[in-house]
Structure formats: structure tokens, C-alpha cells
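The next block holds one structure in the form of C-alpha cells; read it before the comments.
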Amino acid sequence: MTTRDRLSAEAARQFADRGYHGTSIGDLAKALGIQKSSVYSHIDSKEDLLIELTSAGAAHFHQALDAVPEDADPADRLRLALHAHLHVVHTQLDVATIWLKEWHFLTGQPRKDFVRSRRRYEQRVRGLFEDAVQSGRFPDDLDLDHALLVFFSVGNWAYTWMSKKTDVDAEADAFWALMQDGLVRT
């Protein structure tokens, strides 16, 4: 692993654990066993690392959603999307934490790009709910705004309770059962 790769991994760990503003270049240098000035041979600013990590988070979430089969039943696509979202949080816990929590510290165009990507991801999930309504799997009067809020509340807060030992599939199935019982009329 190159020093640059180690720097990215350490920044992910520290930003997720201590926050972007709670982590200094000196902290990163110390963890890598290099001089503070040496960090700047790999980056121009600490924000470069935040941009890299939030972009990586966005890519992971979009790729996971891309893997949900388009020909699956619309309600099953939503279930699989929840599984995919939680798997990203589980396998990329530090990066997902930064994507969900530390992105607010981005500035300028990188912030605009991040918000655009995040909105596109949310719209893609909203489209899954719309497909499930149109297919008759969910009621016509489903409150899409609140359904989306529930989905992302479950998915986005997972970084606060998830650990490497979490059985992601079991958790996703349990959350989906709770969500679906509230979505489908009996």
C-alpha cells in the first residue's frame, strides 16, 4: 500500500471517528509516522481528502443501487436496495460515515457536486417507491415523501449502530419487514 493510499485510509478512519474538523494534518502525519510537511507532498489541502472520501462514498452507494436487478418485482427491488445500502455502510463504514455526516464541510464546487450526486441517489430510491406504487404492490395513496424518509432513516443511521459483527442481511430483513408492514394494507 502506498503512502497516499495509507493517507486516504487513515483520513477515512479519523474523519469518521473524530470528525473532519477534529482531525488535523498533524494527526494524520503522526498516525502514518511521517512529517506533517510530507503529507502535503500527497495533497494540497485536508479538504482534498474529504472530497476524495465523499466521492468514494457516493460511488459505492450508486454502484450498490446499480446492482439491484431491474427485472425484479418492484417491491423486491426496494428490499434489495435497502440491503445494498446497508451493505455499503457495513463494508465501507468509515467512508459511509463521512458521506452521511462530514460532507457538510465541503465547500464550493465539490459541495455542489456532492449534493447533486446525493440528490440523484435519493431520486433513484424514490423511483423504486414510485414503481412499487405503479405496480400495485404499494397503495396508490402512499406518502412517498415519508416512505423515502423512513427508508433513509433506516439506512443512513446505520453507521451509528453497525459494527463489523453485524449480520447485515438479518438486519435488513428485519427492517424491511417492519417497513413493509407499515406500507402494505392487509
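To be explicit about the labels: the chains of the C-alpha cells are called A, B, and onward in the order shown, and within each one the residues are counted from 1, while ligands get numbers from 1 in the order they are shown.
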Quick one: contact table of segment 130-186 of chain A to segment 105-125 of chain A, 9 Å max, nearest atom pair and distance in Å to one decimal per residue, counting only C-alpha atoms, chain and number order, as a Markdown table?
| residue | atom | partner | partner_atom | distance |
| --- | --- | --- | --- | --- |
| A:Glu130 | CA | A:Val125 | CA | 8.8 |
| A:Leu148 | CA | A:Val125 | CA | 7.5 |
| A:Phe151 | CA | A:Val125 | CA | 8.7 |
| A:Phe152 | CA | A:Glu122 | CA | 8.5 |
Residues as selected, N, CA and C atoms, written as an mmCIF file, in the first residue's frame, can you do that?
data_model
loop_
_atom_site.group_PDB
_atom_site.id
_atom_site.type_symbol
_atom_site.label_atom_id
_atom_site.label_comp_id
_atom_site.auth_asym_id
_atom_site.auth_seq_id
_atom_site.Cartn_x
_atom_site.Cartn_y
_atom_site.Cartn_z
ATOM 1 N N GLU A 130 -41.936 4.716 -6.400
ATOM 2 C CA GLU A 130 -42.939 5.041 -7.422
ATOM 3 C C GLU A 130 -43.282 3.814 -8.266
ATOM 4 N N LEU A 148 -39.855 7.591 1.747
ATOM 5 C CA LEU A 148 -38.442 7.814 1.451
ATOM 6 C C LEU A 148 -37.676 8.202 2.721
ATOM 7 N N PHE A 151 -37.064 5.045 4.699
ATOM 8 C CA PHE A 151 -36.012 4.256 4.067
ATOM 9 C C PHE A 151 -34.637 4.816 4.433
ATOM 10 N N PHE A 152 -34.466 6.125 4.254
ATOM 11 C CA PHE A 152 -33.158 6.715 4.517
ATOM 12 C C PHE A 152 -32.875 6.868 6.002
#
As a ChimeraX atom specification, please: every residue in segment 31-180 of chain A that a backbone DSSP assignment puts in helix (DSSP H, G or I). /A:31-32,36-39,46-66,74-91,93-105,108-134,144-156,158-160,168-180
What's around Ala59 of chain A at 12 Å? Count only C-alpha atoms, leave out sequence neighbours fewer than 5 positions away in its own chain, and write the answer as a list in words.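 With the cut-off at 12 Å, the set is Glu52, Leu53, Thr54, Ala64, Leu65, Asp66, His85, Val88, Gln92, Val95, Ala96, Trp99, Phe114, Ser117, Arg118, Arg120 and Tyr121 of chain A.
For the pair atom CA of Thr160 of chain A and atom CA of Asp5 of chain A, the interatomic distance is 25.5 Å.
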Using only C-alpha atoms, determine which residues lie at most 12 Å from segment 68-75 of chain A, disregarding the query and same-chain residues fewer than 5 positions distant; provide the list as a PyMOL selection string. chain A and resi 61-63+80-85+124-139+176-177+179-180+183-184
Got a sec: who's within 12 Å of Phe15 of chain A, counting only C-alpha atoms, leaving out chain neighbours fewer than 3 positions off, as a PyMOL selection string? chain A and resi 7-12+18-25+27-28+46-47+49-51+53-54+93-103+105
